[in-house]
file input35.cif (mmCIF, C-alpha atoms)
data_data
loop_
_atom_site.label_atom_id
_atom_site.label_comp_id
_atom_site.auth_asym_id
_atom_site.auth_seq_id
_atom_site.Cartn_x
_atom_site.Cartn_y
_atom_site.Cartn_z
CA MET A 20 0.00 0.00 0.00
CA GLY A 21 2.72 2.38 0.94
CA SER A 22 4.53 1.91 -2.34
CA SER A 23 1.39 2.72 -4.37
CA LYS A 24 0.93 6.01 -2.47
CA GLU A 25 4.53 6.95 -3.16
CA LYS A 26 4.01 6.29 -6.88
CA LYS A 27 0.96 8.55 -6.90
CA SER A 28 2.84 11.35 -5.13
CA HIS A 29 5.67 11.04 -7.66
CA LYS A 30 3.17 11.38 -10.48
CA LYS A 31 1.71 14.52 -8.93
CA ARG A 32 5.15 16.06 -8.55
CA ARG A 33 5.93 15.33 -12.18
CA LEU A 34 2.69 16.90 -13.34
CA GLY A 35 3.09 20.02 -11.21
CA PRO A 36 5.91 21.84 -13.06
CA SER A 37 4.44 21.16 -16.52
CA LYS A 38 1.20 22.91 -15.58
CA LYS A 39 3.08 26.00 -14.38
CA VAL A 40 5.03 26.17 -17.64
CA ASN A 41 1.82 26.06 -19.65
CA ASN A 42 0.34 28.89 -17.57
CA THR A 43 3.49 30.95 -18.12
CA LYS A 44 3.25 30.45 -21.86
CA ARG A 45 -0.32 31.66 -21.84
CA LYS A 46 0.66 34.83 -19.98
CA LYS A 47 3.36 35.62 -22.53
CA GLU A 48 0.98 35.51 -25.48
CA LYS A 49 0.56 38.90 -27.14
CA LYS A 50 -2.90 40.28 -26.61
CA VAL A 51 -3.08 42.24 -29.87
CA LYS A 52 -5.78 41.92 -32.48
CA LYS A 53 -6.13 43.80 -35.76
CA THR A 54 -9.48 44.51 -37.39
CA PRO A 55 -10.48 46.85 -40.22
CA SER A 56 -11.99 50.18 -39.18
CA ASN A 57 -14.97 51.86 -40.85
CA ASN A 58 -12.69 53.73 -43.25
CA GLY A 59 -10.85 50.57 -44.29
CA LYS A 60 -7.65 51.28 -42.37
CA SER A 61 -6.12 48.88 -39.88
CA ILE A 62 -6.82 49.46 -36.20
CA GLU A 63 -4.80 47.67 -33.55
CA TYR A 64 -6.57 46.67 -30.35
CA VAL A 65 -3.98 46.54 -27.57
CA LYS A 66 -4.99 45.25 -24.17
CA SER A 67 -3.59 47.39 -21.36
CA LYS A 68 -1.79 45.40 -18.62
CA SER A 69 -2.78 47.82 -15.86
CA SER A 70 -6.38 48.67 -16.66
CA LYS A 71 -7.23 45.54 -18.67
CA VAL A 72 -9.13 47.83 -21.07
CA LYS A 73 -8.66 47.66 -24.81
CA GLU A 74 -7.20 50.78 -26.43
CA ASP A 75 -7.92 51.47 -30.09
CA ILE A 76 -4.93 52.65 -32.13
CA VAL A 77 -5.04 53.84 -35.73
CA ARG A 78 -1.78 53.94 -37.69
CA PHE A 79 -1.18 56.57 -40.37
CA PRO A 80 -4.40 58.48 -39.57
CA THR A 81 -6.34 60.55 -42.08
CA ALA A 82 -6.21 64.35 -42.03
CA ALA A 83 -9.60 64.42 -40.27
CA GLN A 84 -8.44 62.01 -37.56
CA GLN A 85 -5.22 63.95 -37.04
CA LEU A 86 -7.10 67.23 -36.77
CA MET A 87 -9.60 65.97 -34.19
CA TYR A 88 -6.89 64.41 -32.02
CA PHE A 89 -4.69 67.50 -32.19
CA HIS A 90 -7.60 69.79 -31.26
CA GLN A 91 -8.45 67.53 -28.32
CA GLN A 92 -4.88 67.48 -27.02
CA TYR A 93 -4.46 71.24 -27.48
CA GLU A 94 -7.62 72.06 -25.55
CA SER A 95 -7.23 69.49 -22.76
CA THR A 96 -3.54 70.18 -22.05
CA ASN A 97 -3.71 73.97 -22.31
CA ARG A 98 -7.14 74.13 -20.61
CA VAL A 99 -8.55 76.37 -23.31
CA GLN A 100 -11.06 76.03 -26.10
CA LEU A 101 -10.35 77.04 -29.64
CA SER A 102 -12.60 79.91 -30.69
CA SER A 103 -14.97 79.56 -33.63
CA ILE A 104 -12.66 81.85 -35.63
CA GLU A 105 -9.67 79.61 -34.88
CA LEU A 106 -11.65 76.49 -35.77
CA ASP A 107 -12.68 78.04 -39.10
CA SER A 108 -9.00 78.64 -39.89
CA PHE A 109 -7.64 75.40 -38.40
CA THR A 110 -9.23 72.88 -40.76
CA GLU A 111 -8.18 69.58 -42.38
CA THR A 112 -6.22 71.53 -45.00
CA ARG A 113 -3.71 72.36 -42.24
CA MET A 114 -2.93 68.64 -41.81
CA VAL A 115 -0.78 66.43 -44.06
CA GLU A 116 -2.69 63.47 -45.47
CA LEU A 117 -0.87 60.15 -45.00
CA ASN A 118 -0.97 57.12 -47.27
CA PRO A 119 -1.34 53.87 -45.21
CA ASP A 120 0.00 51.84 -48.16
CA GLN A 121 3.48 53.23 -47.43
CA ALA A 122 3.49 52.04 -43.80
CA GLN A 123 5.82 49.10 -44.38
CA SER A 124 8.50 51.04 -46.26
CA SER A 125 11.85 51.70 -44.55
CA SER A 126 11.70 55.20 -46.04
CA ALA A 127 8.00 55.76 -45.34
CA LEU A 128 8.40 59.28 -43.96
CA ALA A 129 10.45 60.35 -46.99
CA ASP A 130 7.73 59.03 -49.31
CA HIS A 131 5.02 60.90 -47.39
CA MET A 132 7.01 64.13 -47.51
CA LYS A 133 7.57 63.90 -51.27
CA VAL A 134 3.80 63.88 -51.67
CA ALA A 135 3.32 66.66 -49.11
CA PHE A 136 5.74 69.03 -50.88
CA GLY A 137 4.44 68.22 -54.35
CA PRO A 138 6.34 68.41 -57.66
CA SER A 139 9.02 70.76 -56.26
CA TRP A 140 10.00 68.41 -53.38
CA LYS A 141 13.50 67.80 -54.77
CA GLU A 142 14.40 71.50 -55.03
CA ILE A 143 13.00 72.23 -51.56
CA LEU A 144 14.25 69.19 -49.62
CA CYS A 145 17.39 68.01 -51.44
CA GLU A 146 19.27 70.99 -52.87
CA LYS A 147 22.58 71.68 -51.14
CA GLU A 148 23.69 75.12 -52.31
CA LEU A 149 22.53 78.40 -50.86
CA ASP A 150 20.90 80.79 -53.29
CA GLY A 151 19.13 84.12 -53.17
CA THR A 152 15.90 82.55 -51.91
CA VAL A 153 17.29 80.39 -49.10
CA ASP A 154 19.31 81.64 -46.14
CA PRO A 155 21.31 79.49 -43.68
CA GLY A 156 19.47 77.68 -40.91
CA GLN A 157 16.05 77.75 -42.59
CA PRO A 158 14.57 74.23 -42.74
CA ALA A 159 11.49 73.56 -44.84
CA LEU A 160 10.70 70.41 -42.84
CA LEU A 161 10.97 70.07 -39.06
CA VAL A 162 10.48 66.76 -37.22
CA VAL A 163 9.66 66.99 -33.50
CA SER A 164 10.13 63.82 -31.43
CA LEU A 165 9.88 62.53 -27.88
CA SER A 166 13.59 61.70 -27.62
CA ALA A 167 16.93 61.78 -29.40
CA LEU A 168 16.61 58.09 -30.30
CA ARG A 169 13.27 58.64 -32.00
CA SER A 170 14.70 61.65 -33.83
CA LEU A 171 17.43 59.43 -35.23
CA ASP A 172 14.92 56.72 -36.16
CA LEU A 173 12.95 59.19 -38.26
CA LEU A 174 16.08 60.63 -39.85
CA ARG A 175 16.80 57.10 -41.11
CA GLU A 176 13.41 57.12 -42.81
CA LEU A 177 14.37 60.43 -44.41
CA ARG A 178 17.72 59.25 -45.80
CA PRO A 179 16.57 59.32 -49.45
CA LEU A 180 16.16 63.09 -49.03
CA THR A 181 19.35 63.88 -47.08
CA SER A 182 22.17 62.34 -49.12
CA GLU A 183 23.15 65.71 -50.65
CA CYS A 184 22.13 68.14 -47.92
CA ARG A 185 22.57 66.72 -44.43
CA ALA A 186 19.75 67.02 -41.92
CA ALA A 187 20.27 69.02 -38.73
CA LYS A 188 20.14 67.05 -35.48
CA LEU A 189 18.52 69.24 -32.85
CA PHE A 190 18.59 67.34 -29.56
CA SER A 191 20.76 67.57 -26.45
CA LYS A 192 22.07 64.00 -26.17
CA HIS A 193 25.84 63.97 -26.89
CA MET A 194 25.53 67.29 -28.76
CA LYS A 195 26.47 70.79 -27.61
CA ILE A 196 24.14 73.60 -28.52
CA GLU A 197 27.06 75.67 -29.83
CA GLU A 198 27.92 72.94 -32.34
CA GLN A 199 24.32 72.80 -33.50
CA ALA A 200 24.18 76.57 -33.91
CA SER A 201 27.34 76.37 -36.01
CA SER A 202 25.87 73.65 -38.26
CA LEU A 203 22.83 75.85 -38.85
CA GLN A 204 25.05 78.42 -40.55
CA ASN A 205 24.81 76.22 -43.66
CA ARG A 206 21.80 75.41 -45.82
CA VAL A 207 19.38 73.18 -43.93
CA ASN A 208 16.34 71.65 -45.59
CA ILE A 209 15.39 69.10 -42.93
CA ALA A 210 15.84 69.23 -39.16
CA SER A 211 14.87 66.72 -36.47
CA GLY A 212 14.96 67.13 -32.72
CA THR A 213 13.25 67.51 -29.36
CA PRO A 214 11.02 70.44 -28.28
CA SER A 215 13.34 71.93 -25.65
CA ARG A 216 16.45 72.08 -27.84
CA ILE A 217 14.50 73.32 -30.88
CA LYS A 218 13.05 76.21 -28.87
CA LYS A 219 16.46 77.16 -27.45
CA LEU A 220 17.95 77.34 -30.95
CA ILE A 221 15.04 79.49 -32.14
CA ASP A 222 15.45 81.80 -29.14
CA MET A 223 19.18 82.07 -29.97
CA GLU A 224 18.17 83.04 -33.55
CA ALA A 225 20.26 80.14 -34.85
CA LEU A 226 17.18 78.35 -36.22
CA ASP A 227 15.02 80.39 -38.60
CA LEU A 228 11.42 79.29 -39.26
CA SER A 229 10.64 81.67 -42.13
CA ARG A 230 10.91 78.88 -44.76
CA LEU A 231 9.25 76.20 -42.63
CA ALA A 232 6.31 74.58 -44.46
CA VAL A 233 5.66 71.29 -42.61
CA ILE A 234 6.20 70.10 -39.04
CA VAL A 235 6.05 66.37 -38.38
CA LEU A 236 5.03 65.41 -34.85
CA ASP A 237 6.23 61.92 -33.97
CA MET A 238 3.32 60.11 -32.31
CA LYS A 239 5.09 56.81 -31.68
CA SER A 240 4.68 55.71 -28.05
CA ASP A 241 7.65 54.64 -25.95
CA ALA A 242 7.92 51.41 -23.93
CA LYS A 243 5.77 52.89 -21.15
CA GLY A 244 3.05 54.07 -23.53
CA TYR A 245 3.95 57.77 -23.52
CA SER A 246 4.12 59.90 -26.66
CA LEU A 247 5.24 63.43 -27.55
CA LEU A 248 1.84 64.80 -26.49
CA THR A 249 1.38 62.71 -23.32
CA LEU A 250 4.76 62.49 -21.53
CA PRO A 251 4.33 65.33 -18.97
CA GLN A 252 7.62 67.25 -19.20
CA VAL A 253 8.15 66.82 -22.94
CA ARG A 254 4.47 67.55 -23.59
CA ASP A 255 4.72 70.87 -21.73
CA GLU A 256 7.90 71.78 -23.63
CA PHE A 257 6.20 71.01 -26.93
CA TRP A 258 3.13 73.14 -26.24
CA ASP A 259 5.38 76.01 -25.12
CA LEU A 260 7.19 75.74 -28.46
CA TYR A 261 3.91 75.40 -30.35
CA ARG A 262 2.17 78.41 -28.79
CA ASN A 263 5.16 80.67 -29.29
CA TYR A 264 6.18 79.73 -32.82
CA PHE A 265 3.70 77.51 -34.66
CA HIS A 266 0.07 78.22 -33.77
CA GLN A 267 -0.35 81.60 -35.45
CA ARG A 268 1.44 80.48 -38.61
CA ILE A 269 -0.88 77.48 -38.88
CA LEU A 270 -3.95 79.70 -38.56
CA GLU A 271 -2.53 81.94 -41.30
CA GLY A 272 -2.07 78.95 -43.61
CA ALA A 273 1.72 79.26 -43.77
CA LEU A 274 2.40 75.96 -41.99
CA ARG A 275 0.97 72.42 -41.98
CA ILE A 276 1.14 69.65 -39.36
CA CYS A 277 1.61 65.91 -39.77
CA LEU A 278 0.84 63.56 -36.86
CA TYR A 279 3.06 60.67 -37.86
CA ASP A 280 2.71 56.97 -37.02
CA GLU A 281 -0.15 56.24 -34.57
CA ILE A 282 -2.88 57.98 -32.58
CA PRO A 283 -5.82 56.74 -30.50
CA ALA A 284 -8.98 56.04 -32.50
CA ASN A 285 -12.51 57.14 -31.57
CA ILE A 286 -11.46 60.66 -30.58
CA LYS A 287 -14.17 62.96 -29.28
CA ARG A 288 -13.67 66.69 -28.82
CA LYS A 289 -15.71 68.65 -26.31
CA LYS A 290 -18.26 70.93 -27.88
CA ASN A 291 -17.31 74.59 -27.90
CA ASN A 292 -20.06 76.90 -26.62
CA GLU A 293 -19.07 79.44 -29.25
CA ASP A 294 -20.05 76.94 -31.95
CA ASP A 295 -23.74 77.42 -31.13
#

call {"tool": "encode", "arguments": {"input": "input35.cif", "output": "structure tokens"}}
result
Amino acid sequence: MGSSKEKKSHKKRRLGPSKKVNNTKRKKEKKVKKTPSNNGKSIEYVKSKSSKVKEDIVRFPTAAQQLMYFHQQYESTNRVQLSSIELDSFTETRMVELNPDQAQSSSALADHMKVAFGPSWKEILCEKELDGTVDPGQPALLVVSLSALRSLDLLRELRPLTSECRAAKLFSKHMKIEEQASSLQNRVNIASGTPSRIKKLIDMEALDLSRLAVIVLDMKSDAKGYSLLTLPQVRDEFWDLYRNYFHQRILEGALRICLYDEIPANIKRKKNNEDD
């Protein structure tokens, strides 16, 4: 009798570890599902580990989706509401339309920008020599990112446009601001950096925005789920930069915005009382 009990206990011990391994494997499975949205684009449903609530993400959003999300973030973060006059000026034409078919390309951002700048993209974004119409330190395209690493990632996507005229790197990691100011004494068509360093270079009058036509806001989230418009310190630095140097030019039609990569879907903006 005793020996049969021992055999049973051995069997239980052998079965124990295998069950735990199976449970571990289940936990490691990615909880991501893709389904088509109403407009035909792909939406990723990512299950949050903390809240256990599904978050809808749309990649390469339309101009209308970009506009609604940007308005929402502007009003909620700055605790203001855009006036009816501002809303009439700040329409979908101020946003850069993205083509989701280019999402898998290693030079996707470059392809989008060629379309955004139209037939003259090569003269505006690739020419190296200064002429009577372009002064030093005047980029036509400015990319604003959460971090130096993301700035570099997007510059890689822009390589087809920067082989002749090098892009300006405007972030603080491993780079002195004096060196950056010196590099801006040459022709610059494309610049990429972080909000704080970009604003400092503008304040120093090293970076000139008079030729700026498009700003790309990198919406890619980091490992903790934060983006340019949601990470507290960087978010505040961006909106400080935006209010001082971008907002009025956008309302005047001299500047367009591109929210690049991914934004939450199903955005709802609070109704403005002035709209009535």

call {"tool": "atom_distance", "arguments": {"input": "input35.cif", "atom1": "CA of Arg98 in chain A", "atom2": "CA of Leu160 in chain A"}}
result
28.7 Å

call {"tool": "residues_near_point", "arguments": {"input": "input35.cif", "point": "(15.9, 68.0, -37.3)", "cutoff": "7 Å", "atoms": "all atoms listed in the file", "output": "ChimeraX atom specification"}}
result
/A:161-162,186-189,209-212

call {"tool": "atom_distance", "arguments": {"input": "input35.cif", "atom1": "CA of Leu101 in chain A", "atom2": "CA of Glu256 in chain A"}}
result
19.9 Å

call {"tool": "residues_around", "arguments": {"input": "input35.cif", "residues": "range 115-129 of chain A", "least_positions_apart": "2", "cutoff": "12 Å", "atoms": "only C-alpha atoms", "output": "ChimeraX atom specification"}}
result
/A:58-62,77-86,110-113,131-137,140-141,144-145,160,162,172-181,209,232-237,274-281

call {"tool": "axis_aligned_box", "arguments": {"input": "input35.cif", "around": "range 210-215 of chain A", "padding_each_side": "5 Å", "output": "JSON"}}
result
{"center_x": 13.4, "center_y": 69.3, "center_z": -32.4, "size_x": 14.8, "size_y": 15.2, "size_z": 23.5}

call {"tool": "closest_residue", "arguments": {"input": "input35.cif", "among": "A:Phe109, A:Phe190, A:Tyr88, A:Tyr245", "to": "Gly272 in chain A", "atoms": "all atoms listed in the file"}}
result
A:Phe109

call {"tool": "atom_distance", "arguments": {"input": "input35.cif", "atom1": "CA of Leu270 in chain A", "atom2": "CA of Leu106 in chain A"}}
result
8.8 Å

call {"tool": "resolve_selection", "arguments": {"input": "input35.cif", "expression": "the PyMOL selection byres ((chain A and resi 93) around 12)", "output": "JSON, numbers by chain"}}
result
{"A": [86, 87, 88, 89, 90, 91, 92, 94, 95, 96, 97, 98, 99, 100, 101, 248, 249, 254, 255, 257, 258, 259, 261, 262, 266, 288, 289]}

call {"tool": "closest_atom_pairs", "arguments": {"input": "input35.cif", "of": "range 137-182 of chain A", "to": "range 219-222 of chain A", "cutoff": "12 Å", "atoms": "only C-alpha atoms", "output": "CSV"}}
result
residue,atom,partner,partner_atom,distance
A:Gly156,CA,A:Ile221,CA,10.0
A:Gln157,CA,A:Ile221,CA,10.6
A:Pro158,CA,A:Ile221,CA,11.8

call {"tool": "residues_around", "arguments": {"input": "input35.cif", "residues": "range 191-203 of chain A", "least_positions_apart": "5", "cutoff": "7 Å", "atoms": "only C-alpha atoms", "output": "MDAnalysis selection string"}}
result
chainID A and resid 155:156 167 216 220 225:226

call {"tool": "resolve_selection", "arguments": {"input": "input35.cif", "expression": "the PyMOL selection byres ((chain A and resi 154) around 9)", "output": "list in words"}}
result
Leu149, Asp150, Gly151, Thr152, Val153, Pro155, Gly156, Gln157, Gln204, Asn205, Arg206, Val207, Asp227 and Arg230 of chain A
